[in-house]
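Notes to accompany the following structure.
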Amino acid sequence: MTILEGLTHNYYYLVAIILFVIGMHTMLTHSNMIKKVIAMNIMETSVFLLFVAIGYVRGGRPPIISGSAEEIYINPLPGALILTGIVVAVSVTAYALSLIVKIYRAYGTIDSDEICKIRGDE
Amino acid sequence: MFLAEHLPVLIVIILLICAFLAPLLYRRHPRASGLMVLFSLLFSLILSAVLMLKVRQEGPFSYQMGGWPPPWGIEYMADPLRVYMLLVVIAVSLWIYLYAFRDLQHELRQQVIGWYNTLYSLLVASMAAMTMTNDLFNLFVLMEICAITSCAIITIRKERECLEAGFKYLILSAMGTGCFLLGVAMLYMVTGHLNFGFLQDELSSAIASYPLNIFTAAALFIVAFGTKAALFPLHVWLPDAHASAPSPSSAMLSGLVIKIYAFSLFIIFYRVFPRSLLDMLPLSEIVLWLAALGVMFGSIYAMLQTDLKKMLAYSSIGQIAFIFMGIGLDQRLALVGGLYHIAVHAITKAMLFMAAGVIIYTTGVRRISELAGVGRVLPLVMLAFTIGSASMIGIPGTGGLISKWYLALGALEIGRSLFVLVILLSSLLNAIYYMPIVISAFMSQEDFRYKVKKVPVIFQVVLVTGIVIVVLTGIFSRPLIILLEEAVSLFF
């Protein structure tokens, strides 16, 4: 199977990676801090999507035993892991946003380029 | 003994409980809260020493969380190398807290000191767990705890440059953990495991069918840990963050936090990636060259600084690169050197930051050019600074020499004499920016121009301990080197 074929079959992996790159690019290049935090969330969400997609089995059911043993179940582990990941991402976001509030009070702006300028003038 | 087998998790849990009790206790008894942190660190240190004895006597053992055997449960490993790192983490953080106990009262607002205790204990707990964990996802969670707490101990100061430095650190560190988690997903995709041991077994067979996934994961891990440990081109966040933080936080961040990530990368290289991957991809080579660049540029940037703490922060970029060089050379003796440097640099850099903190507290001076003559008014503090500088340069009688010696021996053993030259040159560069401070502090003709406060007794005790330990690591290095040689021989 060529790489291209592999990608078209598993397009959801490709989507996750595109999201990851969008997030990372925005996070590193934009100077607006709120945009940085949003980008951070996009980046983390893309990894979560990838993780959950790994656990999916085509035609699978949620792994709850219902009597017949013949059924195909999806892998529940990635879902459980990502639940933890989401909690971590929420706390990082909360902390980052609270920092931005404090930065705005201290500098009067949330643009990191302008803050650089202010610090350069000091 | 029943408790002995639970030691790996007990050490972490004591610190976690302490973290949650500290702010509660602080409301009623401010002093008791600090003392509790101090005693729980001391208790953890004793337990780690017991763990070390147990590992030395009975050999490495694994601890299964909640009794669930891997691959289902989370596993903690206690082998000589990890327990060595654990001991370094706990011992150095206990020592720094002793300093923080007094220093925080003038560096922070009264009402946040209780919270500082929480953050500090959480940080130590996460680092202690990171040394022992044998599970990739657990490592991710611990890395995030470590990242948030280490940002928070910077931004807890009310000065506005701390906020900005902390935010920059948080964003880059989130990028690091994002890359790490993506790498974990790549490995989980092809193996279905998160446990280090199982991963290594599976990867050596999976590498034939899914090379791309595994190569991507390797690249992502280098970026992730490189960012967090300030490996040369990814170091941009470090100087502001480490220089603007309160002095105990600077000592903690420069002394321990960046090292724990270098150590984790080392464990992943040797415990997760199969040998065949390291032979296939020039991973060690990449790390080695980045480290060589870091050693040089860290020192060159440090020379250009006018602020004392900023200079120390830039010097950390050069020094962490020595540890990466040990990993990159991929040779037994060099690895011993790199791992020894973890302990030596943790102690030395923490001592230098604390000495700088004492100078700033007693005189209010931060600029290097204004320090002329300070050695005559603060002899003990500048003596500590001198010994620390000597260890950074690698002068005989200090720990810095031993680690550089072993790194150079390792490089020579595999015929990479170029890197011996890099090590020598960086020592010279270190001397160029550390020595003028020491010389002008003691020998300068002019007298120190600023008013000097008395140095509190506890600061003197901390600095004297530091001096003694730095000299001891330089003179009696044998037992530790033997321990590390034994530990490293398990990896080759």
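Simple scheme: letters A, B, ... for chains in structure tokens order, numbers from 1 for residues in each chain, numbers from 1 for ligands in the order shown.
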
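For segment 88-102 of chain A, the list of residues within 8 Å, based on only C-alpha atoms and with local chain neighbours fewer than 5 positions off taken out, reads Met33, Ile34, Val37, Asn41, Glu44 and Ile110 of chain A; Val141, Glu144, Ile148, Leu163, Phe167 and Leu170 of chain B.
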
Could you take the residues named above and write them with C-alpha atoms, as a compact mmCIF listing (two decimals), in the first residue's frame?
# COMPACT_ATOMS: atom_id res chain seq x y z
CA MET A 33 -2.25 35.97 23.30
CA ILE A 34 -5.88 34.88 23.18
CA VAL A 37 -4.46 29.99 23.67
CA ASN A 41 -6.52 24.13 22.22
CA GLU A 44 -4.36 19.56 21.71
CA ILE A 110 -2.57 41.36 25.15
CA VAL B 141 0.23 13.72 32.82
CA GLU B 144 1.78 18.67 32.41
CA ILE B 148 1.90 24.18 35.10
CA LEU B 163 3.83 37.30 33.97
CA PHE B 167 3.18 33.00 29.62
CA LEU B 170 3.59 28.08 29.25

Among the residues of chain A, find those DSSP assigns to alpha helix (DSSP H) from the backbone and print them as a PyMOL selection string.
-> chain A and resi 3-9+11-29+33-55+76-107+112-121

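Minimum atom-to-atom distances from B:Met132, B:Ala229, B:Val455, B:Ala217 to Ser173 of chain B were compared using only C-alpha atoms, and the lowest value belongs to B:Ala229.
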
Check the smallest atom-to-atom distance from each of B:Ala78, B:Met52, B:Val272, B:Ile387 to Ile469 of chain B using only C-alpha atoms, then report the winner.
->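 Ranking B:Ala78, B:Met52, B:Val272, B:Ile387 by distance to Ile469 of chain B, first place goes to B:Ile387.
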
Would you list which chain A residues are within 6 Å of chain B using only C-alpha atoms, as a PDB file with N, CA, C and O atoms, in the first residue's frame?
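result-v9.pdb, written as the output of this step:
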ATOM      1  N   GLU A  44      -4.128  20.674  20.788  1.00  0.00           N
ATOM      2  CA  GLU A  44      -4.357  19.559  21.706  1.00  0.00           C
ATOM      3  C   GLU A  44      -5.551  18.732  21.260  1.00  0.00           C
ATOM      4  O   GLU A  44      -5.518  17.503  21.305  1.00  0.00           O
ATOM      5  N   VAL A  47      -4.746  16.185  18.628  1.00  0.00           N
ATOM      6  CA  VAL A  47      -4.117  14.960  19.121  1.00  0.00           C
ATOM      7  C   VAL A  47      -5.174  14.063  19.769  1.00  0.00           C
ATOM      8  O   VAL A  47      -5.149  12.839  19.612  1.00  0.00           O
ATOM      9  N   PHE A  51      -6.089  10.272  18.736  1.00  0.00           N
ATOM     10  CA  PHE A  51      -6.063   9.188  19.711  1.00  0.00           C
ATOM     11  C   PHE A  51      -7.373   8.407  19.687  1.00  0.00           C
ATOM     12  O   PHE A  51      -7.391   7.175  19.648  1.00  0.00           O
ATOM     13  N   ALA A 106      -1.489  44.483  33.825  1.00  0.00           N
ATOM     14  CA  ALA A 106      -0.147  45.042  34.043  1.00  0.00           C
ATOM     15  C   ALA A 106       0.340  45.869  32.867  1.00  0.00           C
ATOM     16  O   ALA A 106       0.983  46.897  33.060  1.00  0.00           O
TER      17      ALA A 106
END

Among listed residues B:Pro436, B:Gly298, B:Gly399, B:Pro8, nearest Met130 of chain B (using only C-alpha atoms) |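 Going through B:Pro436, B:Gly298, B:Gly399, B:Pro8 one by one, the smallest distance to Met130 of chain B is for B:Pro8.
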
Near-Phe442 of chain B list (9 Å; only C-alpha atoms; drop same-chain fewer than 5 positions) as a ChimeraX atom specification = /B:372-376,379,382,437

Neighbours of Ala80 of chain A within 12 Å (only C-alpha atoms; same-chain residues fewer than 2 positions away dropped), as a ChimeraX atom specification?
-> /A:48,51-52,55,75-78,82-87 /B:137

Write out as a PyMOL selection string the residues lying within 8 Å of Ile11 of chain B, counting only C-alpha atoms and excluding same-chain residues fewer than 2 positions away.
-> chain B and resi 7-9+13-15+44+47-48+125+128

Residue subset to file, keeping N, CA, C and O atoms, as a PDB file, in the first residue's frame:
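Below you can see part13.pdb, which holds the result:
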ATOM      1  N   LEU B   7       7.307   1.668  48.573  1.00  0.00           N
ATOM      2  CA  LEU B   7       8.100   2.896  48.663  1.00  0.00           C
ATOM      3  C   LEU B   7       7.991   3.817  47.450  1.00  0.00           C
ATOM      4  O   LEU B   7       7.806   5.021  47.617  1.00  0.00           O
ATOM      5  N   PRO B   8       8.071   3.296  46.210  1.00  0.00           N
ATOM      6  CA  PRO B   8       8.050   4.231  45.065  1.00  0.00           C
ATOM      7  C   PRO B   8       6.847   5.142  45.083  1.00  0.00           C
ATOM      8  O   PRO B   8       6.950   6.340  44.809  1.00  0.00           O
ATOM      9  N   VAL B   9       5.663   4.609  45.419  1.00  0.00           N
ATOM     10  CA  VAL B   9       4.475   5.448  45.364  1.00  0.00           C
ATOM     11  C   VAL B   9       4.333   6.284  46.634  1.00  0.00           C
ATOM     12  O   VAL B   9       3.822   7.399  46.595  1.00  0.00           O
ATOM     13  N   ILE B  13       3.198  10.174  47.121  1.00  0.00           N
ATOM     14  CA  ILE B  13       1.930  10.478  47.804  1.00  0.00           C
ATOM     15  C   ILE B  13       2.131  11.413  48.985  1.00  0.00           C
ATOM     16  O   ILE B  13       1.328  12.323  49.208  1.00  0.00           O
ATOM     17  N   ILE B  14       3.224  11.226  49.721  1.00  0.00           N
ATOM     18  CA  ILE B  14       3.488  12.113  50.857  1.00  0.00           C
ATOM     19  C   ILE B  14       3.531  13.562  50.388  1.00  0.00           C
ATOM     20  O   ILE B  14       2.917  14.454  50.971  1.00  0.00           O
ATOM     21  N   LEU B  15       4.232  13.775  49.264  1.00  0.00           N
ATOM     22  CA  LEU B  15       4.365  15.145  48.755  1.00  0.00           C
ATOM     23  C   LEU B  15       3.032  15.670  48.235  1.00  0.00           C
ATOM     24  O   LEU B  15       2.716  16.854  48.390  1.00  0.00           O
ATOM     25  N   SER B  44      10.583  12.205  52.658  1.00  0.00           N
ATOM     26  CA  SER B  44      10.726  11.596  51.328  1.00  0.00           C
ATOM     27  C   SER B  44      12.177  11.268  51.042  1.00  0.00           C
ATOM     28  O   SER B  44      12.475  10.243  50.424  1.00  0.00           O
ATOM     29  N   LEU B  47      13.002   8.135  52.828  1.00  0.00           N
ATOM     30  CA  LEU B  47      12.409   6.997  52.129  1.00  0.00           C
ATOM     31  C   LEU B  47      13.169   6.681  50.838  1.00  0.00           C
ATOM     32  O   LEU B  47      13.376   5.513  50.503  1.00  0.00           O
ATOM     33  N   SER B  48      13.605   7.745  50.111  1.00  0.00           N
ATOM     34  CA  SER B  48      14.356   7.487  48.884  1.00  0.00           C
ATOM     35  C   SER B  48      15.672   6.800  49.197  1.00  0.00           C
ATOM     36  O   SER B  48      16.108   5.916  48.445  1.00  0.00           O
ATOM     37  N   ALA B 125       6.713  16.498  43.650  1.00  0.00           N
ATOM     38  CA  ALA B 125       6.025  15.209  43.506  1.00  0.00           C
ATOM     39  C   ALA B 125       6.018  14.772  42.048  1.00  0.00           C
ATOM     40  O   ALA B 125       6.294  13.607  41.738  1.00  0.00           O
ATOM     41  N   ALA B 128       9.482  13.658  41.058  1.00  0.00           N
ATOM     42  CA  ALA B 128       9.836  12.375  41.659  1.00  0.00           C
ATOM     43  C   ALA B 128       9.142  11.245  40.914  1.00  0.00           C
ATOM     44  O   ALA B 128       9.742  10.202  40.639  1.00  0.00           O
TER      45      ALA B 128
END

For Met85 of chain B, find every residue with an atom within 9 Å (counting only C-alpha atoms), except residues of its own chain fewer than 5 positions away, and show them as a PDB file with N, CA and C atoms, in the first residue's frame.
ATOM      1  N   PRO B  80      18.696   1.263  39.921  1.00  0.00           N
ATOM      2  CA  PRO B  80      19.682   2.186  40.508  1.00  0.00           C
ATOM      3  C   PRO B  80      19.687   3.564  39.862  1.00  0.00           C
ATOM      4  N   ILE B  90      14.956  14.922  45.152  1.00  0.00           N
ATOM      5  CA  ILE B  90      14.431  15.203  46.491  1.00  0.00           C
ATOM      6  C   ILE B  90      15.459  15.960  47.331  1.00  0.00           C
ATOM      7  N   ALA B 128       9.482  13.658  41.058  1.00  0.00           N
ATOM      8  CA  ALA B 128       9.836  12.375  41.659  1.00  0.00           C
ATOM      9  C   ALA B 128       9.142  11.245  40.914  1.00  0.00           C
ATOM     10  N   THR B 131      10.732  10.410  37.502  1.00  0.00           N
ATOM     11  CA  THR B 131      11.948   9.590  37.494  1.00  0.00           C
ATOM     12  C   THR B 131      11.600   8.110  37.460  1.00  0.00           C
ATOM     13  N   MET B 132      10.454   7.738  38.050  1.00  0.00           N
ATOM     14  CA  MET B 132      10.194   6.310  38.230  1.00  0.00           C
ATOM     15  C   MET B 132       9.184   5.727  37.267  1.00  0.00           C
ATOM     16  N   ILE B 260      15.122  17.057  34.504  1.00  0.00           N
ATOM     17  CA  ILE B 260      14.225  15.911  34.558  1.00  0.00           C
ATOM     18  C   ILE B 260      13.761  15.550  33.150  1.00  0.00           C
ATOM     19  N   PHE B 263      16.548  13.728  31.434  1.00  0.00           N
ATOM     20  CA  PHE B 263      16.571  12.355  31.953  1.00  0.00           C
ATOM     21  C   PHE B 263      15.472  11.515  31.308  1.00  0.00           C
ATOM     22  N   LEU B 339      25.299  11.839  33.256  1.00  0.00           N
ATOM     23  CA  LEU B 339      24.413  11.621  34.402  1.00  0.00           C
ATOM     24  C   LEU B 339      25.006  12.216  35.670  1.00  0.00           C
ATOM     25  N   ILE B 342      24.225  15.779  35.874  1.00  0.00           N
ATOM     26  CA  ILE B 342      22.882  16.116  36.363  1.00  0.00           C
ATOM     27  C   ILE B 342      22.973  16.527  37.831  1.00  0.00           C
ATOM     28  N   ALA B 343      23.635  15.687  38.631  1.00  0.00           N
ATOM     29  CA  ALA B 343      23.736  15.990  40.061  1.00  0.00           C
ATOM     30  C   ALA B 343      24.606  17.216  40.293  1.00  0.00           C
TER      31      ALA B 343
END

Would you mind listing what lies within 10 Å of Ile432 of chain B as a list of chain:residue names, with only C-alpha atoms counted and same-chain residues fewer than 3 positions away left out?
->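 The residues that qualify are B:Ser299, B:Ile300, B:Ala302, B:Met303, B:Ile393, B:Ser426, B:Ser427, B:Leu428, B:Leu429, B:Met435, B:Pro436, B:Ile437.
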
Could you save those same residues with all heavy atoms as a PDB file, in the first residue's frame?
ATOM      1  N   SER B 299      27.187  29.652  26.231  1.00  0.00           N
ATOM      2  CA  SER B 299      28.274  30.415  26.861  1.00  0.00           C
ATOM      3  C   SER B 299      28.439  31.776  26.208  1.00  0.00           C
ATOM      4  O   SER B 299      28.678  32.776  26.880  1.00  0.00           O
ATOM      5  CB  SER B 299      29.586  29.653  26.773  1.00  0.00           C
ATOM      6  OG  SER B 299      29.415  28.346  27.226  1.00  0.00           O
ATOM      7  N   ILE B 300      28.298  31.802  24.865  1.00  0.00           N
ATOM      8  CA  ILE B 300      28.513  33.084  24.176  1.00  0.00           C
ATOM      9  C   ILE B 300      27.426  34.089  24.571  1.00  0.00           C
ATOM     10  O   ILE B 300      27.711  35.236  24.887  1.00  0.00           O
ATOM     11  CB  ILE B 300      28.551  32.868  22.650  1.00  0.00           C
ATOM     12  CG1 ILE B 300      29.817  32.085  22.295  1.00  0.00           C
ATOM     13  CG2 ILE B 300      28.550  34.201  21.915  1.00  0.00           C
ATOM     14  CD1 ILE B 300      29.883  31.614  20.883  1.00  0.00           C
ATOM     15  N   ALA B 302      25.783  34.055  27.320  1.00  0.00           N
ATOM     16  CA  ALA B 302      25.969  34.397  28.733  1.00  0.00           C
ATOM     17  C   ALA B 302      26.977  35.532  28.882  1.00  0.00           C
ATOM     18  O   ALA B 302      26.844  36.396  29.742  1.00  0.00           O
ATOM     19  CB  ALA B 302      26.431  33.171  29.506  1.00  0.00           C
ATOM     20  N   MET B 303      27.991  35.531  28.004  1.00  0.00           N
ATOM     21  CA  MET B 303      29.013  36.568  28.082  1.00  0.00           C
ATOM     22  C   MET B 303      28.446  37.964  27.857  1.00  0.00           C
ATOM     23  O   MET B 303      28.968  38.942  28.365  1.00  0.00           O
ATOM     24  CB  MET B 303      30.049  36.308  26.989  1.00  0.00           C
ATOM     25  CG  MET B 303      31.251  35.611  27.485  1.00  0.00           C
ATOM     26  SD  MET B 303      32.375  35.563  26.110  1.00  0.00           S
ATOM     27  CE  MET B 303      32.329  33.884  25.738  1.00  0.00           C
ATOM     28  N   ILE B 393      33.273  25.910  35.511  1.00  0.00           N
ATOM     29  CA  ILE B 393      34.400  25.906  34.582  1.00  0.00           C
ATOM     30  C   ILE B 393      35.022  24.511  34.520  1.00  0.00           C
ATOM     31  O   ILE B 393      35.459  24.067  33.466  1.00  0.00           O
ATOM     32  CB  ILE B 393      35.456  26.944  35.029  1.00  0.00           C
ATOM     33  CG1 ILE B 393      34.837  28.338  35.056  1.00  0.00           C
ATOM     34  CG2 ILE B 393      36.669  26.915  34.130  1.00  0.00           C
ATOM     35  CD1 ILE B 393      35.638  29.335  35.824  1.00  0.00           C
ATOM     36  N   SER B 426      34.456  25.250  25.738  1.00  0.00           N
ATOM     37  CA  SER B 426      33.351  25.795  26.528  1.00  0.00           C
ATOM     38  C   SER B 426      33.822  26.094  27.949  1.00  0.00           C
ATOM     39  O   SER B 426      33.353  27.044  28.577  1.00  0.00           O
ATOM     40  CB  SER B 426      32.188  24.826  26.546  1.00  0.00           C
ATOM     41  OG  SER B 426      32.275  23.980  27.643  1.00  0.00           O
ATOM     42  N   SER B 427      34.752  25.280  28.469  1.00  0.00           N
ATOM     43  CA  SER B 427      35.302  25.588  29.789  1.00  0.00           C
ATOM     44  C   SER B 427      35.984  26.945  29.770  1.00  0.00           C
ATOM     45  O   SER B 427      35.840  27.745  30.697  1.00  0.00           O
ATOM     46  CB  SER B 427      36.320  24.535  30.211  1.00  0.00           C
ATOM     47  OG  SER B 427      35.688  23.328  30.430  1.00  0.00           O
ATOM     48  N   LEU B 428      36.702  27.172  28.679  1.00  0.00           N
ATOM     49  CA  LEU B 428      37.397  28.445  28.533  1.00  0.00           C
ATOM     50  C   LEU B 428      36.389  29.589  28.500  1.00  0.00           C
ATOM     51  O   LEU B 428      36.543  30.603  29.191  1.00  0.00           O
ATOM     52  CB  LEU B 428      38.193  28.408  27.232  1.00  0.00           C
ATOM     53  CG  LEU B 428      39.266  29.468  27.092  1.00  0.00           C
ATOM     54  CD1 LEU B 428      40.368  29.204  28.089  1.00  0.00           C
ATOM     55  CD2 LEU B 428      39.812  29.471  25.684  1.00  0.00           C
ATOM     56  N   LEU B 429      35.316  29.395  27.704  1.00  0.00           N
ATOM     57  CA  LEU B 429      34.291  30.435  27.604  1.00  0.00           C
ATOM     58  C   LEU B 429      33.639  30.674  28.962  1.00  0.00           C
ATOM     59  O   LEU B 429      33.392  31.809  29.362  1.00  0.00           O
ATOM     60  CB  LEU B 429      33.225  30.033  26.578  1.00  0.00           C
ATOM     61  CG  LEU B 429      33.664  30.024  25.119  1.00  0.00           C
ATOM     62  CD1 LEU B 429      32.561  29.477  24.245  1.00  0.00           C
ATOM     63  CD2 LEU B 429      34.023  31.419  24.674  1.00  0.00           C
ATOM     64  N   MET B 435      34.852  34.287  35.716  1.00  0.00           N
ATOM     65  CA  MET B 435      36.008  34.737  36.484  1.00  0.00           C
ATOM     66  C   MET B 435      36.044  36.253  36.730  1.00  0.00           C
ATOM     67  O   MET B 435      36.339  36.678  37.847  1.00  0.00           O
ATOM     68  CB  MET B 435      37.305  34.247  35.808  1.00  0.00           C
ATOM     69  CG  MET B 435      37.688  32.855  36.235  1.00  0.00           C
ATOM     70  SD  MET B 435      37.878  32.760  38.013  1.00  0.00           S
ATOM     71  CE  MET B 435      37.000  31.304  38.467  1.00  0.00           C
ATOM     72  N   PRO B 436      35.697  37.095  35.712  1.00  0.00           N
ATOM     73  CA  PRO B 436      35.753  38.541  35.979  1.00  0.00           C
ATOM     74  C   PRO B 436      34.885  38.949  37.170  1.00  0.00           C
ATOM     75  O   PRO B 436      35.283  39.828  37.952  1.00  0.00           O
ATOM     76  CB  PRO B 436      35.213  39.153  34.686  1.00  0.00           C
ATOM     77  CG  PRO B 436      35.496  38.154  33.655  1.00  0.00           C
ATOM     78  CD  PRO B 436      35.387  36.823  34.307  1.00  0.00           C
ATOM     79  N   ILE B 437      33.733  38.300  37.333  1.00  0.00           N
ATOM     80  CA  ILE B 437      32.862  38.649  38.459  1.00  0.00           C
ATOM     81  C   ILE B 437      33.582  38.368  39.767  1.00  0.00           C
ATOM     82  O   ILE B 437      33.632  39.192  40.679  1.00  0.00           O
ATOM     83  CB  ILE B 437      31.553  37.837  38.387  1.00  0.00           C
ATOM     84  CG1 ILE B 437      30.847  38.081  37.072  1.00  0.00           C
ATOM     85  CG2 ILE B 437      30.654  38.163  39.568  1.00  0.00           C
ATOM     86  CD1 ILE B 437      29.608  37.264  36.894  1.00  0.00           C
TER      87      ILE B 437
END
